[in-house]
Every structure is written in C-alpha cells, then in structure tokens.
Amino acid sequence: MVKCPVTFRTLALCALFALYCSASTAHARDEYRLSLPLDITLSVTALAASGLGTYLYNQMEIKDPADLRAKKDFLPWDRRVLGTYSETAQTMSHIGSALAIAPLAIGGIAWYTGASNGTEFGTFTLMFVQSILFQNGINLATRALEVWPRPYVYSQSEKGKNAAENAKGEAYGSFFSGHASAAFTVAVFTSEWFDYIYPNSANTSLVRALAFSLAGFESVLRVAAGKHYPTDILVGALVGTGVSY
C-alpha cells in the first residue's frame with residue numbers, strides 16, 4: 001500500500017474543515033427546514049468528507065517500537081495515562097456507543113405521540129446524519145496525521161503489552177477521540193431536539209445535563225481503556241459540540 005505523505009494528509013484535513021465551514025454556514029440560513037438543493041449538496045459533501053477521512057485513516061501503517069514518540073514529549077497531563085490499558089473500560093465504551101440512537105428515539109417517540117411530525121423527524125434526522133458524517137471525516141483525517149500513538153501502545157502489563165504488539169496502524173494516531181466527538185455530537189442533538197419539540201418543558205435542563213454527562217462518561221471510559229489521552233477527549237468534545245451546533 002502506498003502511503004499518503006503527511007503534507008497531502010494535512011492539506012486534505014484543511015480541505016475538510018473548509019468544506020464543513022462553507023456547508024454549515026449555508027445551512028444556518030435555512031435552519032430546521034429541508035431544502036432539496038442545499039441538503040443534497042450538504043449530504044454529498046458530508047459523505048465525501050467521511051469517505052476521504054476513512055481513506056486517509058486506512059493508509060496508516062504499523063510503526064517500529066523504536067520510532068515511538070518519546071514519553072517526555074507528551075503533554076504533562078497526558079503522560080499520566082501512558083501505558084494504561086483496560087479491556088473492561090473498552091467494552092463499556094463500545095456498549096455506550098449504542099446511546100447514539102438517543103436523538104432518534106426522542107424524535108420518534110414525539111412523532112408517535114403527536115408532539116412532532118414526520119417532516120420535523122426527517123429534517124432533524126438528516127441534519128444529525130450530516131453532522132455525524134462530518135465529524136467522522138474530520139476525526140479520521142486528523143488521526144491519520146499520526147500526532148501521537150494511543151496510550152496502550154506503551155503498556156508493559158501482560159494484556160496491554162500483548163495488545164500493543166498486535167496493534168494495527170490506527171493505534172498510532174490517537175489524536176483526537178472519535179468516540180468523544182461522536183458522543184458530544186449526539187449530546188447536542190439530543191438536548192436541542194428535545195428543546196425544539198418541548199420548548200416549555202421543565203425537563204429540558206435535566207435532559208441536557210444527562211446527555212452531556214453520558215457523553216463525558218463515554219469519553220472518560222476511552223481514557224480508562226488506554227485508547228486516548230485527556231487532550232484527545234477534550235478536543236473531541238469541542239469538535240463534536242462545534243460541528244453539531
């Protein structure tokens with residue numbers, strides 16, 4: 001496999017951000033209403049962003065342990081989790097990914113009970129899918145830059161060391177967390193969709209707090225699993241929230 005040079009991957013990432021910014025600005029002018037020309041453009045762009053990110057991500061290769069980033073070169077607060085590895089936390093984080101259906105569940109229940117309608121459900125669902133695709137493309141393209149490897153790659157424990165020895169190319173691009181980015185995209189959509197359907201509900205603050213708390217917990221699990229550093233999940237949370245809003 002011919003690997004894309006870092007310069008190309010960097011330019012591709014910049015292109016993704018440019019596509020997202022131009023597309024999201026256009027969408028804001030017709031907020032919460034479907035527009036066939038606009039949404040076709042947005043959807044195709046989102047698919048292209050996700051596809052490009054996936055392509056760059058799949059170009060990543062396994063590194064020689066001798067070429068790993070020196071521990072002293074990590075940020076002080078990230079050094080503390082170097083070598084961390086937990087299969088339990090990893091499994092829990094994967095199970096937590098099922099919460100991605102939360103916005104659709106809220107919208108579906110509202111449609112079923114008559115609090116919303118099919119048009120609103122379709123509009124929010126399409127925006128949700130577009131946001132998920134955009135954040136996925138940006139995340140994978142950024143990870144393909146191989147800023148630093150996952151924490152578990154430095155593990156010396158029996159299970160952690162075995163996992164490190166069998167790591168694939170993606171393990172060498174930890175920055176930034178895709179789980180955190182997706183979780184906060186979901187949290188924003190869950191709270192905003194609920195608020196849109198029930199603008200006078202006394203439970204809006206509770207739903208918002210629960211949605212963001214679960215996103216935060218999912219992110220912490222990724223650190224506990226040895227998959228990401230605190231910096232990874234912080235940036236992931238900011239990107240997911242920003243893309244979603």
# chains A, B, ... in the order shown; residues from 1 in each chain; ligands from 1
call {"tool": "residues_around", "arguments": {"residues": "A:Leu140", "least_positions_apart": "5", "cutoff": "10 Å", "atoms": "only C-alpha atoms", "output": "PyMOL selection string"}}
result
chain A and resi 13+49-58+135+145+170+173-178
call {"tool": "closest_atom_pairs", "arguments": {"of": "stretch 83-185 of chain A", "to": "stretch 228-243 of chain A", "cutoff": "12 Å", "atoms": "only C-alpha atoms", "output": "JSON lines"}}
result
{"residue": "A:Gly83", "atom": "CA", "partner": "A:His228", "partner_atom": "CA", "distance": 10.7}
{"residue": "A:Thr84", "atom": "CA", "partner": "A:His228", "partner_atom": "CA", "distance": 9.3}
{"residue": "A:Tyr85", "atom": "CA", "partner": "A:His228", "partner_atom": "CA", "distance": 10.1}
{"residue": "A:Ser86", "atom": "CA", "partner": "A:His228", "partner_atom": "CA", "distance": 11.7}
{"residue": "A:Ala89", "atom": "CA", "partner": "A:His228", "partner_atom": "CA", "distance": 11.8}
{"residue": "A:Gln90", "atom": "CA", "partner": "A:His228", "partner_atom": "CA", "distance": 10.7}
{"residue": "A:Ser93", "atom": "CA", "partner": "A:His228", "partner_atom": "CA", "distance": 11.9}
{"residue": "A:Met127", "atom": "CA", "partner": "A:Val243", "partner_atom": "CA", "distance": 10.7}
{"residue": "A:Phe128", "atom": "CA", "partner": "A:Val243", "partner_atom": "CA", "distance": 10.2}
{"residue": "A:Val129", "atom": "CA", "partner": "A:Val243", "partner_atom": "CA", "distance": 11.6}
{"residue": "A:Gln130", "atom": "CA", "partner": "A:Val243", "partner_atom": "CA", "distance": 9.7}
{"residue": "A:Ser131", "atom": "CA", "partner": "A:Val243", "partner_atom": "CA", "distance": 6.3}
{"residue": "A:Ile132", "atom": "CA", "partner": "A:Gly240", "partner_atom": "CA", "distance": 8.5}
{"residue": "A:Leu133", "atom": "CA", "partner": "A:Val243", "partner_atom": "CA", "distance": 10.1}
{"residue": "A:Phe134", "atom": "CA", "partner": "A:Val243", "partner_atom": "CA", "distance": 7.5}
{"residue": "A:Gln135", "atom": "CA", "partner": "A:Gly240", "partner_atom": "CA", "distance": 6.3}
{"residue": "A:Asn136", "atom": "CA", "partner": "A:Gly240", "partner_atom": "CA", "distance": 9.2}
{"residue": "A:Gly137", "atom": "CA", "partner": "A:Val243", "partner_atom": "CA", "distance": 11.4}
{"residue": "A:Ile138", "atom": "CA", "partner": "A:Val239", "partner_atom": "CA", "distance": 8.8}
{"residue": "A:Asn139", "atom": "CA", "partner": "A:Gly236", "partner_atom": "CA", "distance": 8.0}
{"residue": "A:Leu140", "atom": "CA", "partner": "A:Gly236", "partner_atom": "CA", "distance": 11.4}
{"residue": "A:Thr142", "atom": "CA", "partner": "A:Gly236", "partner_atom": "CA", "distance": 10.8}
{"residue": "A:Arg143", "atom": "CA", "partner": "A:Asp232", "partner_atom": "CA", "distance": 10.2}
{"residue": "A:Val147", "atom": "CA", "partner": "A:Asp232", "partner_atom": "CA", "distance": 10.5}
{"residue": "A:Trp148", "atom": "CA", "partner": "A:Tyr229", "partner_atom": "CA", "distance": 9.9}
{"residue": "A:Pro149", "atom": "CA", "partner": "A:His228", "partner_atom": "CA", "distance": 8.7}
{"residue": "A:Arg150", "atom": "CA", "partner": "A:His228", "partner_atom": "CA", "distance": 5.8}
{"residue": "A:Pro151", "atom": "CA", "partner": "A:His228", "partner_atom": "CA", "distance": 6.2}
{"residue": "A:Tyr152", "atom": "CA", "partner": "A:His228", "partner_atom": "CA", "distance": 8.5}
{"residue": "A:Val153", "atom": "CA", "partner": "A:His228", "partner_atom": "CA", "distance": 10.7}
{"residue": "A:Ala171", "atom": "CA", "partner": "A:His228", "partner_atom": "CA", "distance": 9.9}
{"residue": "A:Tyr172", "atom": "CA", "partner": "A:His228", "partner_atom": "CA", "distance": 10.9}
{"residue": "A:Gly173", "atom": "CA", "partner": "A:His228", "partner_atom": "CA", "distance": 9.7}
{"residue": "A:Ser174", "atom": "CA", "partner": "A:His228", "partner_atom": "CA", "distance": 6.0}
{"residue": "A:Phe175", "atom": "CA", "partner": "A:Asp232", "partner_atom": "CA", "distance": 5.2}
{"residue": "A:Phe176", "atom": "CA", "partner": "A:Asp232", "partner_atom": "CA", "distance": 4.3}
{"residue": "A:Ser177", "atom": "CA", "partner": "A:Gly236", "partner_atom": "CA", "distance": 5.1}
{"residue": "A:Gly178", "atom": "CA", "partner": "A:Gly236", "partner_atom": "CA", "distance": 6.4}
{"residue": "A:His179", "atom": "CA", "partner": "A:Gly236", "partner_atom": "CA", "distance": 7.7}
{"residue": "A:Ala180", "atom": "CA", "partner": "A:Gly236", "partner_atom": "CA", "distance": 5.0}
{"residue": "A:Ser181", "atom": "CA", "partner": "A:Gly240", "partner_atom": "CA", "distance": 4.0}
{"residue": "A:Ala182", "atom": "CA", "partner": "A:Gly240", "partner_atom": "CA", "distance": 5.9}
{"residue": "A:Ala183", "atom": "CA", "partner": "A:Gly240", "partner_atom": "CA", "distance": 7.3}
{"residue": "A:Phe184", "atom": "CA", "partner": "A:Gly240", "partner_atom": "CA", "distance": 5.1}
{"residue": "A:Thr185", "atom": "CA", "partner": "A:Gly240", "partner_atom": "CA", "distance": 4.6}
call {"tool": "closest_residue", "arguments": {"among": "A:Asp78, A:Glu87, A:Asp64, A:Asp39", "to": "A:Gly160", "atoms": "only C-alpha atoms"}}
result
A:Glu87
call {"tool": "residues_around", "arguments": {"residues": "A:Leu126", "least_positions_apart": "4", "cutoff": "12 Å", "atoms": "only C-alpha atoms", "output": "compact mmCIF listing (two decimals) with N, CA, C and O atoms, in the first residue's frame"}}
result
# COMPACT_ATOMS: atom_id res chain seq x y z
N HIS A 27 -26.21 26.17 5.63
CA HIS A 27 -27.34 25.52 6.28
C HIS A 27 -27.98 26.43 7.32
O HIS A 27 -29.18 26.41 7.52
N TYR A 32 -33.41 24.36 10.27
CA TYR A 32 -34.50 23.45 10.62
C TYR A 32 -35.56 23.31 9.52
O TYR A 32 -36.68 22.91 9.79
N ARG A 33 -35.19 23.64 8.28
CA ARG A 33 -36.10 23.41 7.16
C ARG A 33 -35.33 22.73 6.04
O ARG A 33 -34.20 23.11 5.74
N LEU A 34 -35.95 21.72 5.46
CA LEU A 34 -35.30 21.00 4.37
C LEU A 34 -35.28 21.85 3.11
O LEU A 34 -36.25 22.54 2.80
N SER A 35 -34.16 21.80 2.41
CA SER A 35 -34.02 22.47 1.13
C SER A 35 -33.34 21.47 0.20
O SER A 35 -32.19 21.10 0.44
N LEU A 36 -34.05 21.02 -0.81
CA LEU A 36 -33.53 19.95 -1.67
C LEU A 36 -32.16 20.26 -2.25
O LEU A 36 -31.22 19.47 -2.08
N LEU A 38 -29.87 22.47 -1.28
CA LEU A 38 -28.89 22.66 -0.21
C LEU A 38 -28.56 21.35 0.48
O LEU A 38 -27.40 21.02 0.70
N ASP A 39 -29.59 20.57 0.82
CA ASP A 39 -29.35 19.36 1.59
C ASP A 39 -28.74 18.24 0.75
O ASP A 39 -28.03 17.39 1.29
N ILE A 40 -28.99 18.25 -0.54
CA ILE A 40 -28.29 17.29 -1.41
C ILE A 40 -26.81 17.63 -1.42
O ILE A 40 -25.95 16.76 -1.29
N LEU A 42 -25.15 19.34 0.89
CA LEU A 42 -24.60 19.06 2.22
C LEU A 42 -24.37 17.56 2.42
O LEU A 42 -23.33 17.15 2.94
N SER A 43 -25.32 16.76 2.00
CA SER A 43 -25.21 15.32 2.20
C SER A 43 -24.07 14.73 1.38
O SER A 43 -23.31 13.89 1.88
N VAL A 44 -23.95 15.16 0.14
CA VAL A 44 -22.86 14.68 -0.71
C VAL A 44 -21.51 15.12 -0.12
O VAL A 44 -20.54 14.34 -0.09
N ALA A 46 -20.88 15.81 3.03
CA ALA A 46 -20.66 15.05 4.26
C ALA A 46 -20.15 13.65 3.95
O ALA A 46 -19.23 13.15 4.60
N PRO A 103 -31.08 10.69 20.08
CA PRO A 103 -31.86 11.73 19.41
C PRO A 103 -32.99 11.16 18.57
O PRO A 103 -34.11 11.70 18.56
N LEU A 104 -32.71 10.06 17.86
CA LEU A 104 -33.73 9.44 17.02
C LEU A 104 -34.86 8.88 17.87
O LEU A 104 -36.03 8.92 17.46
N THR A 119 -42.24 15.42 9.10
CA THR A 119 -41.35 16.40 8.46
C THR A 119 -40.24 16.83 9.41
O THR A 119 -39.06 16.89 9.04
N GLU A 120 -40.61 17.14 10.66
CA GLU A 120 -39.62 17.51 11.66
C GLU A 120 -38.65 16.36 11.93
O GLU A 120 -37.44 16.57 12.03
N PHE A 121 -39.20 15.15 12.02
CA PHE A 121 -38.35 13.99 12.28
C PHE A 121 -37.34 13.80 11.14
O PHE A 121 -36.16 13.57 11.38
N GLY A 122 -37.82 13.93 9.90
CA GLY A 122 -36.92 13.77 8.76
C GLY A 122 -35.87 14.87 8.69
O GLY A 122 -34.70 14.60 8.38
N GLN A 130 -25.83 14.18 8.75
CA GLN A 130 -24.82 15.06 8.14
C GLN A 130 -23.73 15.41 9.16
O GLN A 130 -22.54 15.38 8.84
N SER A 131 -24.14 15.74 10.38
CA SER A 131 -23.17 16.11 11.42
C SER A 131 -22.28 14.93 11.80
O SER A 131 -21.07 15.09 11.98
N ILE A 132 -22.87 13.75 11.92
CA ILE A 132 -22.10 12.55 12.26
C ILE A 132 -21.06 12.28 11.18
O ILE A 132 -19.90 11.96 11.46
N LEU A 133 -21.46 12.40 9.92
CA LEU A 133 -20.53 12.15 8.82
C LEU A 133 -19.41 13.18 8.79
O LEU A 133 -18.24 12.83 8.57
N PHE A 189 -27.41 17.10 19.83
CA PHE A 189 -28.64 16.83 19.10
C PHE A 189 -29.76 16.35 20.01
O PHE A 189 -30.93 16.70 19.81
call {"tool": "select_by_dssp", "arguments": {"residues": "stretch 34-209 of chain A", "states": "alpha helix (DSSP H)", "output": "ChimeraX atom specification"}}
result
/A:36-57,76-79,87-96,102-113,118-143,158-165,178-197,204-209
call {"tool": "closest_residue", "arguments": {"among": "A:Ile101, A:Ala48, A:Thr88, A:Phe212", "to": "A:Lys159", "atoms": "only C-alpha atoms"}}
result
A:Thr88
call {"tool": "atom_distance", "arguments": {"atom1": "atom CA of A:Ala110", "atom2": "atom CA of A:Thr123"}}
result
13.8 Å
call {"tool": "closest_residue", "arguments": {"among": "A:Ser97, A:Thr41, A:Ser219, A:Ser116", "to": "A:Asp195", "atoms": "only C-alpha atoms"}}
result
A:Ser116
